[in-house]
Amino acid sequence: MEINDLLYKESEWLKGIGPKSDIVLSSRVRLARNLADHRFFNQASNEERIKIRQEIMEGFKNVKALKGTTTINIGEISDVDRDFLVERHLMSIEHTEDGDAKAIVFDDKEMLSIMVNEEDHLRIQVLQSGFNILNAWSVINKLDDEIAEVIKYSFSDELGYLTACPTNLGTGLRASLMIHLPALVLTNQVGKVFEAISKLGLTMRGLYGEGTEATGDMFQISNQVTLGHSETELIESIARLIEKIINREATTREMIMTKNKTEVQDKVWRSLGTLKSARIITSNETITLLSVIRMGVNLGIIKGLDLRTVNELFILLQPAHLQKMEKRNLNPEERDRKRAELIREKLKKVEE
C-alpha cells in the first residue's frame, strides 16, 4: 500500500461505529517498548539507530500479525506525507522529526500502527472506533506477546519494561479515548471534569495528543502513570472513569435540549449556515463549527447527515489532506479556499 492509497480510505477512528460512538470517537492503547542491549533512541548514534531499525524490521518478518502491513521509512517521504500520517493518527508529531532512522508500520484498516524509533524503539498502537478500550487492549496484548517472541525487550524484574521516559516505566501502557464533550463545554462543566481526572492520575489533551490544545470540544483522556499497576488495572480504571464522563455528557445533552432547546438549535443552524456559505475558512474555525454540527446530528436536530460524514470532514479538511487531494503544496490562503469549497460540496444536500 502507498500513502496516497489512504487518502480516500475510511480511517478507523472516524467510522462512527462501536459502543457510545456519539460521544467516544475512538479508543486507543499504546505500548512503549525498547530493545535489550541497545541504548535508548535519544542516547544512540545515528548509526546505532539505523541498526536498531534494521533489527526490528528483520524481527517483524516473523510476526504473523504483521503480515501484509505497510512499512514506510520516514526519512524517505515528504513533509506533507509526514503531516498526512499525523492527521490520520497513525503516528505522533514527534515522529516527523529527524526521520533518517525512523519508520512507521501500519495495516490497511488503520487499526494498527507501530512507530519505530520514536522516543522509544517501539511505540505499538491499536486504535478502534467507539468505546472499545477493552477490545483494543486484547488485540495489542496478543500482538505484543507475538513480537516479544522474536525481539528481546529491555525489561527489569523490579521496574518492568524500561523506557526512555520514566513516566512510561512499568507496563509502558497508555490507554486513551478521544471524546466529544460539547454539552459539558457549553455548560462550563468541562473544567470540573479536568480537575477530577487530574486527581486520579489521568490527563486531558487535544485532538493530536501531547502538546496540542483541545479544539472542537474534542479531548483525549489518558493515564499518566504506568508503574505499580498491572495493564488490566489501568485499562479497567480508565474505562470506569470514561463511563462516568459519558453518562454526564449524555445527561447534560438531555438537559440542554429540555431547558435551552431553541438556543441549541440556533447555535447548530448558525454553524451549518456558516459552513454551507463560507468561501474562506480556517482549520480551527472549521473544527469548532463541525463540533457543533456533530452535536446537532447526535441530538436529532439535523436530518439527512450521518455521523460518519461529519467525522470524515474532521480529517479531510486538515492541511496535509487538502494538499494531497490537490496533488501540490498549497499556501494557507489556498488551503482556506479549498477547505471551504470541499465543505460546501459535502454539505450541499443537507436541508435546513
# chains A, B, ... in the order shown; residues from 1 in each chain; ligands from 1

$ residues_around --residues "A:Ile287" --least-positions-apart "5" --cutoff "7 Å" --atoms "only C-alpha atoms" --output "count of residues only"
3

$ residues_around --residues "A:Lys9" --least-positions-apart "6" --cutoff "12 Å" --atoms "only C-alpha atoms" --output "ChimeraX atom specification"
/A:1-3,15,88,108-110,312,315-316,321

$ write_last_selection --atoms "N, CA and C atoms" --output "short mmCIF file (atom, residue, chain, number, x, y, z; two decimals), in the first residue's frame"
data_model
loop_
_atom_site.label_atom_id
_atom_site.label_comp_id
_atom_site.auth_asym_id
_atom_site.auth_seq_id
_atom_site.Cartn_x
_atom_site.Cartn_y
_atom_site.Cartn_z
N MET A 1 0.84 -1.21 0.00
CA MET A 1 0.00 0.00 0.00
C MET A 1 0.87 1.26 0.00
N GLU A 2 0.45 2.24 -0.78
CA GLU A 2 1.14 3.52 -0.82
C GLU A 2 0.40 4.52 0.07
N ILE A 3 1.11 5.59 0.47
CA ILE A 3 0.49 6.61 1.31
C ILE A 3 -0.74 7.19 0.63
N LYS A 15 -15.01 6.12 11.94
CA LYS A 15 -16.10 5.33 11.38
C LYS A 15 -17.46 5.65 11.99
N ARG A 88 -3.88 11.42 10.27
CA ARG A 88 -4.65 10.18 10.30
C ARG A 88 -4.45 9.41 11.61
N ASP A 108 -3.86 -2.16 6.65
CA ASP A 108 -4.72 -1.48 5.68
C ASP A 108 -6.00 -0.95 6.29
N LYS A 109 -6.37 -1.40 7.49
CA LYS A 109 -7.56 -0.90 8.17
C LYS A 109 -7.26 0.30 9.06
N GLU A 110 -5.97 0.62 9.21
CA GLU A 110 -5.51 1.71 10.07
C GLU A 110 -5.92 1.51 11.53
N GLU A 312 -15.67 12.23 9.06
CA GLU A 312 -14.74 12.25 7.93
C GLU A 312 -14.24 13.66 7.64
N ILE A 315 -11.08 15.11 9.32
CA ILE A 315 -9.74 14.75 8.85
C ILE A 315 -9.49 15.22 7.41
N LEU A 316 -10.50 15.17 6.54
CA LEU A 316 -10.30 15.58 5.15
C LEU A 316 -9.96 17.06 5.02
N HIS A 321 -4.14 16.78 4.16
CA HIS A 321 -5.13 16.09 3.35
C HIS A 321 -5.57 16.95 2.16
#

$ closest_atom_pairs --of "stretch 26-112 of chain A" --to "stretch 143-163 of chain A" --cutoff "6 Å" --atoms "only C-alpha atoms" --output "Markdown table"
| residue | atom | partner | partner_atom | distance |
| --- | --- | --- | --- | --- |
| A:Asn34 | CA | A:Ser154 | CA | 5.5 |
| A:Leu35 | CA | A:Tyr153 | CA | 4.6 |
| A:Ala36 | CA | A:Ser154 | CA | 4.1 |
| A:Gly59 | CA | A:Val150 | CA | 5.6 |

$ write_last_selection --atoms "N, CA and C atoms" --output "short mmCIF file (atom, residue, chain, number, x, y, z; two decimals), in the first residue's frame"
data_model
loop_
_atom_site.label_atom_id
_atom_site.label_comp_id
_atom_site.auth_asym_id
_atom_site.auth_seq_id
_atom_site.Cartn_x
_atom_site.Cartn_y
_atom_site.Cartn_z
N ASN A 34 11.39 -1.13 24.28
CA ASN A 34 12.75 -0.90 23.80
C ASN A 34 13.49 -2.22 23.69
N LEU A 35 14.44 -2.26 22.78
CA LEU A 35 15.21 -3.48 22.57
C LEU A 35 16.29 -3.62 23.64
N ALA A 36 16.48 -4.83 24.10
CA ALA A 36 17.56 -5.10 25.05
C ALA A 36 18.91 -4.90 24.35
N GLY A 59 13.02 -8.72 12.59
CA GLY A 59 12.18 -9.48 13.52
C GLY A 59 10.72 -9.49 13.10
#

$ residues_around --residues "A:Arg53" --least-positions-apart "3" --cutoff "12 Å" --atoms "only C-alpha atoms" --output "PyMOL selection string"
chain A and resi 34-35+38+41+44+46-50+56-60+71-74+99-105+114-118+120-122+151

$ write_last_selection --atoms "N, CA, C and O atoms" --output "compact mmCIF listing (two decimals), in the first residue's frame"
# COMPACT_ATOMS: atom_id res chain seq x y z
N ASN A 34 11.39 -1.13 24.28
CA ASN A 34 12.75 -0.90 23.80
C ASN A 34 13.49 -2.22 23.69
O ASN A 34 13.18 -3.18 24.41
N LEU A 35 14.44 -2.26 22.78
CA LEU A 35 15.21 -3.48 22.57
C LEU A 35 16.29 -3.62 23.64
O LEU A 35 16.94 -2.63 24.01
N HIS A 38 20.59 -2.32 23.67
CA HIS A 38 20.74 -1.13 22.83
C HIS A 38 20.44 0.11 23.67
O HIS A 38 19.59 0.07 24.56
N PHE A 41 16.77 5.61 22.11
CA PHE A 41 16.88 6.38 20.87
C PHE A 41 17.59 7.71 21.08
O PHE A 41 18.44 8.09 20.29
N ALA A 44 21.38 7.09 21.45
CA ALA A 44 22.08 6.31 20.42
C ALA A 44 22.59 7.20 19.30
O ALA A 44 22.00 8.25 19.00
N ASN A 46 23.37 7.92 15.25
CA ASN A 46 22.52 7.68 14.09
C ASN A 46 22.80 6.30 13.50
O ASN A 46 21.88 5.60 13.04
N GLU A 47 24.06 5.88 13.56
CA GLU A 47 24.44 4.56 13.06
C GLU A 47 23.74 3.46 13.86
O GLU A 47 23.22 2.48 13.29
N GLU A 48 23.71 3.62 15.19
CA GLU A 48 23.05 2.61 16.03
C GLU A 48 21.54 2.65 15.83
O GLU A 48 20.88 1.61 15.83
N ARG A 49 20.98 3.84 15.63
CA ARG A 49 19.54 3.95 15.39
C ARG A 49 19.13 3.18 14.14
O ARG A 49 18.11 2.49 14.13
N ILE A 50 19.95 3.31 13.08
CA ILE A 50 19.66 2.60 11.84
C ILE A 50 19.77 1.09 12.07
O ILE A 50 18.95 0.31 11.56
N ILE A 56 14.74 -4.49 14.07
CA ILE A 56 13.29 -4.58 14.29
C ILE A 56 12.59 -5.09 13.03
O ILE A 56 11.73 -5.98 13.10
N MET A 57 12.94 -4.54 11.89
CA MET A 57 12.30 -4.95 10.64
C MET A 57 12.57 -6.41 10.32
O MET A 57 11.70 -7.12 9.79
N GLU A 58 13.73 -6.87 10.66
CA GLU A 58 14.06 -8.28 10.44
C GLU A 58 13.20 -9.16 11.34
O GLU A 58 12.69 -10.21 10.91
N GLY A 59 13.02 -8.72 12.59
CA GLY A 59 12.18 -9.48 13.52
C GLY A 59 10.72 -9.49 13.10
O GLY A 59 10.03 -10.50 13.23
N PHE A 60 10.25 -8.37 12.56
CA PHE A 60 8.85 -8.26 12.15
C PHE A 60 8.48 -9.24 11.04
O PHE A 60 7.31 -9.59 10.87
N THR A 71 5.21 -0.77 5.43
CA THR A 71 6.33 -0.14 6.15
C THR A 71 6.84 1.05 5.34
O THR A 71 7.09 0.92 4.13
N ILE A 72 6.99 2.18 6.00
CA ILE A 72 7.49 3.39 5.35
C ILE A 72 8.61 3.98 6.18
O ILE A 72 8.47 4.18 7.39
N ASN A 73 9.73 4.24 5.55
CA ASN A 73 10.84 4.93 6.21
C ASN A 73 10.55 6.43 6.20
O ASN A 73 10.37 7.03 5.13
N ILE A 74 10.52 7.03 7.37
CA ILE A 74 10.11 8.43 7.50
C ILE A 74 11.05 9.37 6.74
O ILE A 74 10.62 10.37 6.17
N GLY A 99 14.02 12.07 10.74
CA GLY A 99 13.43 10.83 10.25
C GLY A 99 14.37 9.81 9.64
O GLY A 99 13.93 8.76 9.19
N ASP A 100 15.67 10.08 9.61
CA ASP A 100 16.61 9.19 8.91
C ASP A 100 16.53 7.73 9.37
O ASP A 100 16.62 6.83 8.56
N ALA A 101 16.36 7.52 10.67
CA ALA A 101 16.38 6.15 11.21
C ALA A 101 15.00 5.70 11.68
O ALA A 101 14.87 4.69 12.36
N LYS A 102 13.98 6.45 11.30
CA LYS A 102 12.62 6.15 11.78
C LYS A 102 11.79 5.46 10.71
O LYS A 102 12.03 5.61 9.51
N ALA A 103 10.77 4.73 11.18
CA ALA A 103 9.85 4.06 10.26
C ALA A 103 8.48 4.00 10.88
O ALA A 103 8.31 4.18 12.10
N ILE A 104 7.48 3.74 10.06
CA ILE A 104 6.11 3.53 10.51
C ILE A 104 5.58 2.27 9.84
O ILE A 104 5.79 2.06 8.64
N VAL A 105 4.93 1.43 10.61
CA VAL A 105 4.31 0.20 10.11
C VAL A 105 2.82 0.29 10.42
O VAL A 105 2.45 0.60 11.54
N ILE A 114 2.73 0.98 14.20
CA ILE A 114 3.92 0.86 15.04
C ILE A 114 4.93 1.91 14.61
O ILE A 114 5.37 1.91 13.45
N MET A 115 5.27 2.80 15.51
CA MET A 115 6.33 3.77 15.25
C MET A 115 7.66 3.16 15.68
O MET A 115 7.79 2.70 16.82
N VAL A 116 8.60 3.14 14.76
CA VAL A 116 9.93 2.60 15.04
C VAL A 116 10.89 3.75 15.25
O VAL A 116 11.03 4.62 14.39
N ASN A 117 11.52 3.78 16.40
CA ASN A 117 12.48 4.82 16.77
C ASN A 117 11.83 6.19 16.96
O ASN A 117 12.33 7.21 16.47
N GLU A 118 10.72 6.20 17.68
CA GLU A 118 10.19 7.48 18.14
C GLU A 118 10.96 7.81 19.41
O GLU A 118 12.18 7.74 19.42
N ASP A 120 10.80 5.92 22.06
CA ASP A 120 11.25 4.56 22.35
C ASP A 120 11.46 3.82 21.04
O ASP A 120 11.00 4.25 19.98
N HIS A 121 12.15 2.69 21.10
CA HIS A 121 12.41 1.94 19.87
C HIS A 121 11.11 1.50 19.20
O HIS A 121 11.02 1.46 17.98
N LEU A 122 10.12 1.15 20.03
CA LEU A 122 8.82 0.74 19.51
C LEU A 122 7.71 1.46 20.23
O LEU A 122 7.69 1.51 21.47
N ILE A 151 11.71 -10.51 19.28
CA ILE A 151 12.53 -9.36 19.65
C ILE A 151 12.66 -9.33 21.17
O ILE A 151 11.65 -9.35 21.89

$ select_by_dssp --residues "stretch 53-246 of chain A" --states "helix (DSSP H, G or I)" --output "number ranges by chain"
A: 53-60, 64-66, 74-76, 79-87, 94-96, 99-101, 133-148, 166-168, 182-186, 190-199, 231-246

$ atom_distance --atom1 "atom CA of A:Ala250" --atom2 "atom CA of A:Ala196"
18.0 Å

$ atom_distance --atom1 "atom CA of A:Glu334" --atom2 "atom CA of A:Ile280"
8.8 Å

$ decode --residues "stretch 227-241 of chain A" --atoms "all heavy atoms" --output "short mmCIF file (atom, residue, chain, number, x, y, z; two decimals), in the first residue's frame"
data_model
loop_
_atom_site.label_atom_id
_atom_site.label_comp_id
_atom_site.auth_asym_id
_atom_site.auth_seq_id
_atom_site.Cartn_x
_atom_site.Cartn_y
_atom_site.Cartn_z
N LEU A 227 3.69 2.76 36.26
CA LEU A 227 4.45 1.94 37.21
C LEU A 227 3.60 1.62 38.43
O LEU A 227 2.89 2.47 38.96
CB LEU A 227 5.72 2.69 37.64
CG LEU A 227 6.72 1.95 38.52
CD1 LEU A 227 7.27 0.73 37.80
CD2 LEU A 227 7.85 2.88 38.95
N GLY A 228 3.68 0.37 38.88
CA GLY A 228 2.97 -0.03 40.10
C GLY A 228 1.56 -0.51 39.87
O GLY A 228 0.83 -0.78 40.82
N HIS A 229 1.15 -0.59 38.61
CA HIS A 229 -0.18 -1.07 38.28
C HIS A 229 -0.08 -2.09 37.15
O HIS A 229 0.78 -1.97 36.27
CB HIS A 229 -1.09 0.08 37.83
CG HIS A 229 -1.25 1.16 38.84
ND1 HIS A 229 -2.18 1.13 39.85
CD2 HIS A 229 -0.56 2.33 39.02
CE1 HIS A 229 -2.08 2.22 40.59
NE2 HIS A 229 -1.11 2.97 40.11
N SER A 230 -0.96 -3.06 37.14
CA SER A 230 -0.99 -4.01 36.04
C SER A 230 -1.73 -3.39 34.85
O SER A 230 -2.45 -2.40 35.00
CB SER A 230 -1.71 -5.30 36.46
OG SER A 230 -3.10 -5.07 36.62
N GLU A 231 -1.53 -3.97 33.68
CA GLU A 231 -2.20 -3.47 32.49
C GLU A 231 -3.72 -3.52 32.65
O GLU A 231 -4.43 -2.57 32.30
CB GLU A 231 -1.80 -4.29 31.26
CG GLU A 231 -0.35 -4.11 30.83
CD GLU A 231 0.58 -5.13 31.47
OE1 GLU A 231 0.18 -5.70 32.51
OE2 GLU A 231 1.68 -5.35 30.92
N THR A 232 -4.20 -4.61 33.20
CA THR A 232 -5.65 -4.76 33.39
C THR A 232 -6.20 -3.70 34.33
O THR A 232 -7.27 -3.13 34.09
CB THR A 232 -5.98 -6.16 33.93
OG1 THR A 232 -5.48 -7.15 33.01
CG2 THR A 232 -7.48 -6.35 34.08
N GLU A 233 -5.47 -3.42 35.41
CA GLU A 233 -5.91 -2.39 36.36
C GLU A 233 -6.01 -1.03 35.68
O GLU A 233 -6.97 -0.28 35.89
CB GLU A 233 -4.93 -2.31 37.53
CG GLU A 233 -5.02 -3.49 38.49
CD GLU A 233 -3.92 -3.45 39.54
OE1 GLU A 233 -2.91 -2.74 39.33
OE2 GLU A 233 -4.07 -4.14 40.57
N LEU A 234 -5.02 -0.70 34.86
CA LEU A 234 -5.01 0.60 34.18
C LEU A 234 -6.16 0.72 33.19
O LEU A 234 -6.85 1.74 33.13
CB LEU A 234 -3.67 0.79 33.45
CG LEU A 234 -2.44 1.00 34.32
CD1 LEU A 234 -1.17 0.92 33.49
CD2 LEU A 234 -2.50 2.32 35.06
N ILE A 235 -6.37 -0.34 32.42
CA ILE A 235 -7.45 -0.33 31.42
C ILE A 235 -8.81 -0.22 32.09
O ILE A 235 -9.67 0.60 31.70
CB ILE A 235 -7.39 -1.59 30.54
CG1 ILE A 235 -6.12 -1.61 29.69
CG2 ILE A 235 -8.63 -1.68 29.65
CD1 ILE A 235 -6.05 -0.55 28.63
N GLU A 236 -9.04 -1.03 33.11
CA GLU A 236 -10.34 -1.03 33.78
C GLU A 236 -10.59 0.28 34.51
O GLU A 236 -11.73 0.76 34.56
CB GLU A 236 -10.43 -2.21 34.75
CG GLU A 236 -10.49 -3.56 34.03
CD GLU A 236 -10.57 -4.74 35.00
OE1 GLU A 236 -10.33 -4.50 36.22
OE2 GLU A 236 -10.85 -5.86 34.55
N SER A 237 -9.54 0.88 35.05
CA SER A 237 -9.68 2.14 35.78
C SER A 237 -10.12 3.27 34.85
O SER A 237 -11.06 4.02 35.15
CB SER A 237 -8.36 2.51 36.45
OG SER A 237 -8.44 3.78 37.06
N ILE A 238 -9.46 3.39 33.70
CA ILE A 238 -9.82 4.46 32.78
C ILE A 238 -11.18 4.20 32.15
O ILE A 238 -11.96 5.13 31.89
CB ILE A 238 -8.74 4.68 31.70
CG1 ILE A 238 -8.98 6.00 30.97
CG2 ILE A 238 -8.69 3.53 30.70
CD1 ILE A 238 -7.84 6.41 30.05
N ALA A 239 -11.52 2.92 31.95
CA ALA A 239 -12.83 2.58 31.38
C ALA A 239 -13.96 3.00 32.32
O ALA A 239 -14.99 3.54 31.88
CB ALA A 239 -12.91 1.08 31.09
N ARG A 240 -13.76 2.79 33.61
CA ARG A 240 -14.78 3.19 34.60
C ARG A 240 -14.97 4.70 34.60
O ARG A 240 -16.10 5.21 34.68
CB ARG A 240 -14.40 2.69 35.99
CG ARG A 240 -14.57 1.20 36.20
CD ARG A 240 -14.48 0.85 37.69
NE ARG A 240 -13.17 1.18 38.23
CZ ARG A 240 -12.14 0.33 38.28
NH1 ARG A 240 -12.28 -0.91 37.79
NH2 ARG A 240 -10.99 0.69 38.81
N LEU A 241 -13.86 5.43 34.54
CA LEU A 241 -13.94 6.89 34.55
C LEU A 241 -14.63 7.41 33.29
O LEU A 241 -15.48 8.30 33.37
CB LEU A 241 -12.55 7.50 34.68
CG LEU A 241 -12.51 9.02 34.62
CD1 LEU A 241 -13.19 9.62 35.85
CD2 LEU A 241 -11.11 9.54 34.48
#
